[in-house]
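K.L.:
There's a structure below that I have some questions on.
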Amino acid sequence: MTETKAKSRGIVSWPQEERPRERLLSRGAQALTDAELVAILIRVGFKGTSAVELGRQLLNRFGSLRAMVEAPVVALLEMKGLKGAKAAQLLAAMEIARRVGVQAKRGELRIKSTAAAADYFRERLRGLPDEQFRVLFLNRRNALLEDALIAQGSVDAVRPPLRNIVARALQVNASALIAAHNHPSGAADPSESDRLLTQDLIAAARPLGLSVLDHVIVGAETTYSFADRGVLDELESLCMTPGVTRRKLKSERGRA
C-alpha cells in the first residue's frame, strides 16, 4: 500500500500497535506525543489528513498545548477539518483542563490587584463568540472561592440576574466579588447599560456587607477596569452609606 493510500484511509490503516488509542490503553497516556493525545480527542481527520496530522497542524498553528487551550474559540474553529463533533469534543476537553486548573487554584489564588483580575478574566473570556458574564467570589483575604458563569447569550443580550449573584455569594460565604463580561465585538469600552448594571450590583450587594471590587470588560485586544478608571468610586458614592469605607483592590490607573 502506498503512503498516499494509507493516509487517505486514516489511522485505521495503521498497524494496531501504532494506533494512538491502542497505545494509550496498553502503554499509558504518557507514552503518547501531544499530537497523538489531540488525535484521540478529535478521533478522525479529513480527506488526505489523519487525526494525528490534524493534531500536529493544531499544535503548529498555536505553538503548544497550553497556547491551544488558551486560544480563542474562533481561532480553533478556523482550522480546516475541525468542525462539528470533532470541534465539540476538543473544546469540551480544553474546558475541562481550564476548570481543573481553576479548581486547583481555589483557596490558593488570591486576587490582590485590578491587574490580577484583568489578567485572570482575559484568559477566561478573550475570543469567545458569545457574551458571558462571570463573577469571582472572594473571601476576606481575597482568595478565590468560586468562578461562576452567571449568564451567557448573544452580543448585548446578557443581563445577569442580580439576585442569583447575591444568592451565590451567600452560599459560598463570600465577602467580596469581582464581576466581568466580554464584548465579542472587540471594543472593551463600557456602555451605559454596563454602568447601570454595575451600580445596581453595588446597591444589591452593599446591604449584605458584600464588596464589589471591580467590573472588568474584556475586548479583543484590551480590557477595561471600572476600578482603575475611577468609575467604580463614582458609582459607589451613589450607593454609599455614611461612615462606611469601601474595600478596594490595589489599582493600576490607566491599565489597558
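Within each chain, counting starts at residue 1; across the C-alpha cells, chains are named A, B, ... in the order shown, with ligands numbered 1 upward in that order.
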List every residue of range 129-244 of chain A that DSSP, applied to the backbone of this structure, places in strand (DSSP E), and write the result as a ChimeraX atom specification.
P.N.:
/A:131-138,144-153,176-182,211-218,223-225
K.L.:
Extract, using only C-alpha atoms, all DNA, RNA and protein residues at most 10 Å from Asn60 in chain A, discarding same-chain residues fewer than 6 positions from it, and format them as a list in words.
P.N.:
Ala35, Leu54 and Met68 of chain A
K.L.:
May I have the selected residues written with N, CA, C and O atoms, as a CSV table (one decimal), in the first residue's frame?
P.N.:
chain,number,residue,atom,x,y,z
A,35,ALA,N,0.6,15.5,19.8
A,35,ALA,CA,-0.3,15.4,18.7
A,35,ALA,C,-1.2,14.1,18.7
A,35,ALA,O,-2.3,14.2,18.3
A,54,LEU,N,-3.7,16.2,11.8
A,54,LEU,CA,-4.5,17.3,12.2
A,54,LEU,C,-4.1,17.8,13.6
A,54,LEU,O,-4.0,19.0,13.8
A,68,MET,N,-2.8,26.3,22.8
A,68,MET,CA,-4.0,25.9,22.2
A,68,MET,C,-5.2,25.9,23.1
A,68,MET,O,-6.3,26.3,22.7
K.L.:
Compile the contact shell of range 203-213 of chain A as a compact mmCIF listing (two decimals) with all heavy atoms, in the first residue's frame: residues with an atom at most 6 Å away, counting only C-alpha atoms, same-chain residues fewer than 4 positions apart removed.
P.N.:
# COMPACT_ATOMS: atom_id res chain seq x y z
N SER A 175 -17.13 37.42 50.84
CA SER A 175 -17.20 38.77 51.41
C SER A 175 -16.96 39.83 50.34
O SER A 175 -17.11 41.02 50.60
CB SER A 175 -16.18 38.93 52.53
OG SER A 175 -14.87 38.76 52.06
N ALA A 176 -16.57 39.40 49.14
CA ALA A 176 -16.34 40.33 48.04
C ALA A 176 -16.50 39.62 46.71
O ALA A 176 -16.47 38.38 46.65
CB ALA A 176 -14.93 40.94 48.14
N LEU A 177 -16.67 40.40 45.67
CA LEU A 177 -16.80 39.82 44.34
C LEU A 177 -16.20 40.74 43.29
O LEU A 177 -16.07 41.95 43.51
CB LEU A 177 -18.26 39.51 44.01
CG LEU A 177 -19.26 40.68 43.92
CD1 LEU A 177 -19.25 41.32 42.53
CD2 LEU A 177 -20.66 40.21 44.26
N ILE A 178 -15.82 40.14 42.18
CA ILE A 178 -15.36 40.87 41.00
C ILE A 178 -16.17 40.37 39.82
O ILE A 178 -16.16 39.17 39.52
CB ILE A 178 -13.86 40.67 40.74
CG1 ILE A 178 -13.03 41.07 41.96
CG2 ILE A 178 -13.42 41.47 39.52
CD1 ILE A 178 -11.57 40.71 41.83
N CYS A 239 -24.18 54.97 46.13
CA CYS A 239 -24.80 53.93 46.96
C CYS A 239 -24.23 53.91 48.38
O CYS A 239 -24.69 53.11 49.21
CB CYS A 239 -24.57 52.56 46.34
SG CYS A 239 -25.07 52.41 44.62
N LYS A 248 -11.19 47.93 48.70
CA LYS A 248 -10.68 48.11 47.36
C LYS A 248 -9.57 47.12 47.04
O LYS A 248 -8.93 46.57 47.92
CB LYS A 248 -10.12 49.54 47.18
CG LYS A 248 -11.14 50.65 47.33
CD LYS A 248 -10.49 51.99 47.04
CE LYS A 248 -11.49 53.13 47.17
NZ LYS A 248 -10.87 54.45 46.84
K.L.:
If we count only C-alpha atoms and set the cut-off at 10 Å, which residues sit around Leu76 in chain A, ignoring sequence neighbours fewer than 2 positions away in its own chain? Please answer as a PyMOL selection string.
P.N.:
chain A and resi 58+61-62+68-69+71-74+78-80+82-83+87+90-91
K.L.:
Residues of the last selection are to be written out with C-alpha atoms, as a tab-separated table (two decimals), in the first residue's frame.
P.N.:
chain	number	residue	atom	x	y	z
A	58	LEU	CA	-3.17	22.41	15.51
A	61	ARG	CA	-0.70	26.70	14.49
A	62	PHE	CA	-0.74	27.62	18.19
A	68	MET	CA	-4.00	25.86	22.16
A	69	VAL	CA	-6.02	25.54	25.36
A	71	ALA	CA	-6.64	30.19	22.29
A	72	PRO	CA	-9.93	31.89	21.39
A	73	VAL	CA	-12.66	29.52	20.25
A	74	VAL	CA	-12.97	31.32	16.92
A	78	GLU	CA	-10.90	28.42	11.67
A	79	MET	CA	-8.78	25.26	11.37
A	80	LYS	CA	-9.60	23.16	8.32
A	82	LEU	CA	-12.12	20.94	12.82
A	83	LYS	CA	-15.90	21.18	12.67
A	87	ALA	CA	-14.63	20.63	17.45
A	90	LEU	CA	-11.83	19.12	21.60
A	91	LEU	CA	-13.41	22.25	23.07
K.L.:
As a CSV table (one decimal) with N, CA, C and O atoms, in the first residue's frame, please: the residues near Arg195 in chain A (cut-off 10 Å, only C-alpha atoms, same-chain neighbours under 4 positions excluded).
P.N.:
chain,number,residue,atom,x,y,z
A,190,PRO,N,-17.1,50.5,28.1
A,190,PRO,CA,-18.4,50.2,28.7
A,190,PRO,C,-19.6,51.0,28.1
A,190,PRO,O,-19.4,52.1,27.7
A,191,SER,N,-20.7,50.3,28.0
A,191,SER,CA,-21.9,51.0,27.6
A,191,SER,C,-22.6,51.6,28.8
A,191,SER,O,-22.3,51.4,30.0
A,199,GLN,N,-23.8,49.7,38.9
A,199,GLN,CA,-24.4,50.5,40.0
A,199,GLN,C,-25.5,49.6,40.8
A,199,GLN,O,-25.5,49.6,42.0
A,200,ASP,N,-26.3,48.9,40.0
A,200,ASP,CA,-27.3,48.1,40.6
A,200,ASP,C,-26.7,46.9,41.4
A,200,ASP,O,-27.2,46.6,42.5
A,201,LEU,N,-25.6,46.4,40.9
A,201,LEU,CA,-24.9,45.3,41.6
A,201,LEU,C,-24.4,45.8,42.9
A,201,LEU,O,-24.5,45.1,44.0
A,215,HIS,N,-15.4,45.7,38.1
A,215,HIS,CA,-16.2,45.1,37.0
A,215,HIS,C,-15.2,45.3,35.8
A,215,HIS,O,-14.8,46.4,35.4
A,226,PHE,N,-13.4,49.1,35.7
A,226,PHE,CA,-14.2,50.2,36.3
A,226,PHE,C,-13.4,50.8,37.5
A,226,PHE,O,-13.5,52.0,37.8
A,231,VAL,N,-14.4,54.8,37.8
A,231,VAL,CA,-15.9,54.8,37.7
A,231,VAL,C,-16.5,54.1,38.8
A,231,VAL,O,-17.6,54.4,39.3
A,232,LEU,N,-15.8,53.0,39.4
A,232,LEU,CA,-16.4,52.3,40.5
A,232,LEU,C,-16.5,53.2,41.7
A,232,LEU,O,-17.5,53.2,42.4
A,235,LEU,N,-19.7,55.3,41.1
A,235,LEU,CA,-20.9,54.6,41.3
A,235,LEU,C,-21.1,54.2,42.8
A,235,LEU,O,-22.2,54.2,43.3
K.L.:
What is the CA of Val135 in chain A to CA of Leu249 in chain A distance in Å?
P.N.:
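Computing it gives 15.4 Å between the two atoms.
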K.L.:
Which residue gives the smallest distance to Arg122 in chain A among A:Ala31, A:Ala188, A:Leu170, A:Ala227, with only C-alpha atoms counted?
P.N.:
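Of all the options, A:Ala188 lies closest to Arg122 in chain A.
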K.L.:
Taking only range 139-251 of chain A into account, list the residues labelled helix (DSSP H, G or I) by DSSP (computed from the backbone), as a VMD selection string.
P.N.:
chain A and resid 162 to 171 192 to 208 231 to 239
K.L.:
What separation in Å, quoted to one decimal, exists between CA of Ala180 in chain A and CA of Ala151 in chain A?
P.N.:
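For CA of Ala180 in chain A relative to CA of Ala151 in chain A, the distance reads 10.8 Å.
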K.L.:
Rounded to one decimal, what separation in Å do you get between CA of Arg247 in chain A and CA of Arg141 in chain A?
P.N.:
11.5 Å
K.L.:
Would you list the contacts of Gly81 in chain A as an MDAnalysis selection string, taking every protein, DNA or RNA residue within 12 Å and counting only C-alpha atoms, but skipping same-chain residues closer than 4 positions in sequence?
P.N.:
chainID A and resid 42:51 53:55 57:58 76:77 85:87
K.L.:
Arg159 in chain A: which residues within 10 Å, counting only C-alpha atoms, same-chain residues fewer than 5 positions away excluded, as a VMD selection string?
P.N.:
chain A and resid 132 to 133 150 to 153 193 to 194 197
K.L.:
What would the file look like if the residues just selected were written as a tab-separated table (two decimals), in the first residue's frame with N, CA and C atoms?
P.N.:
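Final output, result-v1.tsv:
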chain	number	residue	atom	x	y	z
A	132	GLN	N	-20.37	36.41	27.80
A	132	GLN	CA	-20.50	35.74	29.09
A	132	GLN	C	-20.36	36.75	30.21
A	133	PHE	N	-21.11	36.55	31.26
A	133	PHE	CA	-20.99	37.36	32.47
A	133	PHE	C	-20.56	36.42	33.59
A	150	ILE	N	-22.55	33.34	35.30
A	150	ILE	CA	-23.87	33.78	35.73
A	150	ILE	C	-24.85	33.87	34.57
A	151	ALA	N	-24.38	34.32	33.42
A	151	ALA	CA	-25.26	34.46	32.25
A	151	ALA	C	-24.44	34.36	30.98
A	152	GLN	N	-25.11	33.92	29.91
A	152	GLN	CA	-24.45	33.78	28.61
A	152	GLN	C	-25.48	33.99	27.52
A	153	GLY	N	-25.08	34.66	26.45
A	153	GLY	CA	-26.02	34.87	25.36
A	153	GLY	C	-25.39	35.60	24.21
A	193	SER	N	-25.50	50.84	29.70
A	193	SER	CA	-26.10	49.68	30.34
A	193	SER	C	-25.12	49.00	31.29
A	194	ASP	N	-23.84	48.94	30.90
A	194	ASP	CA	-22.82	48.35	31.76
A	194	ASP	C	-22.66	49.16	33.05
A	197	LEU	N	-25.76	48.56	35.26
A	197	LEU	CA	-25.69	47.23	35.85
A	197	LEU	C	-24.72	47.21	37.03
